[in-house]
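Beneath this line is the structure, given in structure tokens, with notes to follow.
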Amino acid sequence: MRSIRAEDYQDVPRRVAVMPKTFAAGSRTERHFHPRAQLLYATAGLMMASAEDGTWVVPEGHALWIPPRLPHAVVMHGAVSMCSAYLAAEAVAGFPARAQVIEVSPLLAAALAALTREPVLYDEDGRGGHLAALVLDEIARAPETPLTLPLPQDARLRRICLGLIDDPALALDIDAWAEHGGVSRRTLTRGFRHETGLSFAAWRARARVVRALALAADGRAPREISAAVGYRSLQALRGRVERLTRREA
């Protein structure tokens, strides 16, 4: 039987080692890291992962690319089925140096599923080796999605971000948030753009969508979700979610 312990896949003498696993709703992992890179693919349910430089939402059909040795924690919203691919560092030398959520193509999904049915020590010159090569090729070409909340390094701006993550429904305007962070409005607006690549308004809207997706996975009612993330109109929230998940935010 294939192990469901991540540590058992870190020294496998293969470029790609895959581990399917399931988690009950509400499960979480403590902050940890792996010597190998990891592709955390949600085959069902929704995960939220966090690290020092950001928070990521990983809905069904998406995956989180995690570089080697990046400390991260994961929370499960709803019952989650996942497939983790642990990738040898030498096989991903040219891959992104930061975590990001990617779209999983049907070809990548099929290759990962097929590789779970091969022995862990698959024949590198046979079907398993071909599947592993396909997995690496598809990860390298997969488009990034905007299901990311980049966190600034500035402690004052980070305090604002964490306040928005904790309660995205707070009806504070930008001046009130600047006061909360102990910065001027100009510092807040320039700092957000410089450190996160997003305006303050865009970052806050994304934080609300991320929380809405997690609440939906937890089974909360649509109107309850809308109120919990600060939208008076359910239709407006749905429109924002659609724009973000279509990578138009």
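Every chain in the structure tokens takes a letter, A first, then B, and so on in the order presented; its residues are numbered from 1, and the ligands are numbered from 1 following the presented order.
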Please identify all polymer residues within 6 Å of stretch 7-24 of chain A, counting only C-alpha atoms, omitting same-chain residues fewer than 3 positions from it, and present them as a PyMOL selection string.
chain A and resi 27+79-88+132
Would you mind exporting C-alpha atoms of the selected residues as a PDB file, in the first residue's frame?
```
ATOM      1  CA  SER A  27      -8.442  19.429   9.141  1.00  0.00           C
ATOM      2  CA  ALA A  79     -13.824  17.244   2.796  1.00  0.00           C
ATOM      3  CA  VAL A  80     -10.660  17.384   0.712  1.00  0.00           C
ATOM      4  CA  SER A  81      -9.079  14.894  -1.645  1.00  0.00           C
ATOM      5  CA  MET A  82      -5.658  15.847  -2.885  1.00  0.00           C
ATOM      6  CA  CYS A  83      -2.752  14.507  -4.826  1.00  0.00           C
ATOM      7  CA  SER A  84       0.682  15.754  -3.820  1.00  0.00           C
ATOM      8  CA  ALA A  85       3.514  15.463  -6.286  1.00  0.00           C
ATOM      9  CA  TYR A  86       6.939  15.786  -4.677  1.00  0.00           C
ATOM     10  CA  LEU A  87       9.497  16.919  -7.224  1.00  0.00           C
ATOM     11  CA  ALA A  88      13.266  16.546  -7.035  1.00  0.00           C
ATOM     12  CA  ALA A 132       6.703  11.795 -14.698  1.00  0.00           C
TER      13      ALA A 132
END
```
Report as a ChimeraX atom specification all protein, DNA and RNA residues lying within 9 Å of stretch 190-204 of chain A, evaluated on only C-alpha atoms, omitting residues in the same chain fewer than 2 positions from it.
/A:149-154,157,161,164-165,168,174,185-188,206-209,249
I need the residues of stretch 104-176 of chain A that end up classed as alpha helix (DSSP H) by DSSP on the backbone, written out as a count of residues only.
41
For A:Ala91, which of A:Gly230, A:Gly78, A:Gly54, A:Pro67 is the closest residue, counting only C-alpha atoms?
A:Pro67
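Checking A:Ala178, A:Ala6, A:Ile102, A:Met76 one by one against A:Gly45, counting only C-alpha atoms, you find the shortest gap at A:Met76.
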Rank A:Ile4, A:Ala49, A:Ala113, A:Val183 by their smallest atom-to-atom distance to A:Ala214, using only C-alpha atoms, and report the top residue only.
A:Ala49
One residue among A:Ala171, A:Ala63, A:Ala140, A:Val58 is nearest to A:Arg232 when using only C-alpha atoms, and that residue is A:Ala171
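Across the structure, atom CA of A:Thr29 and atom CA of A:Arg220 are spaced 22.6 Å apart.
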Leaving out A:Pro143 and any residue of its chain fewer than 2 positions from it, which residues lie within 12 Å of it when counting only C-alpha atoms, given as a list in words?
His62, Ala63, Leu64, Trp65, Pro96, Gln100, Val101, Ile102, Glu103, Val104, Ser105, Glu138, Ile139, Ala140, Arg141, Thr145, Pro146, Leu147, Arg246 and Arg247 of chain A
May I ask for the distance between atom CA of A:Val229 and atom CA of A:Ala212, given in Å to one decimal place?
6.6 Å
Residue set, stretch 11-203 of chain A restricted to strand (DSSP E), as an NGL selection string
:A and (16-23 or 28-32 or 37-51 or 54-58 or 62-66 or 72-87 or 100-103 or 148-150)
Which one is closest to A:Ser226: A:Ala169, A:Ala205, A:Ala111, A:Ala176? Count only C-alpha atoms.
A:Ala169
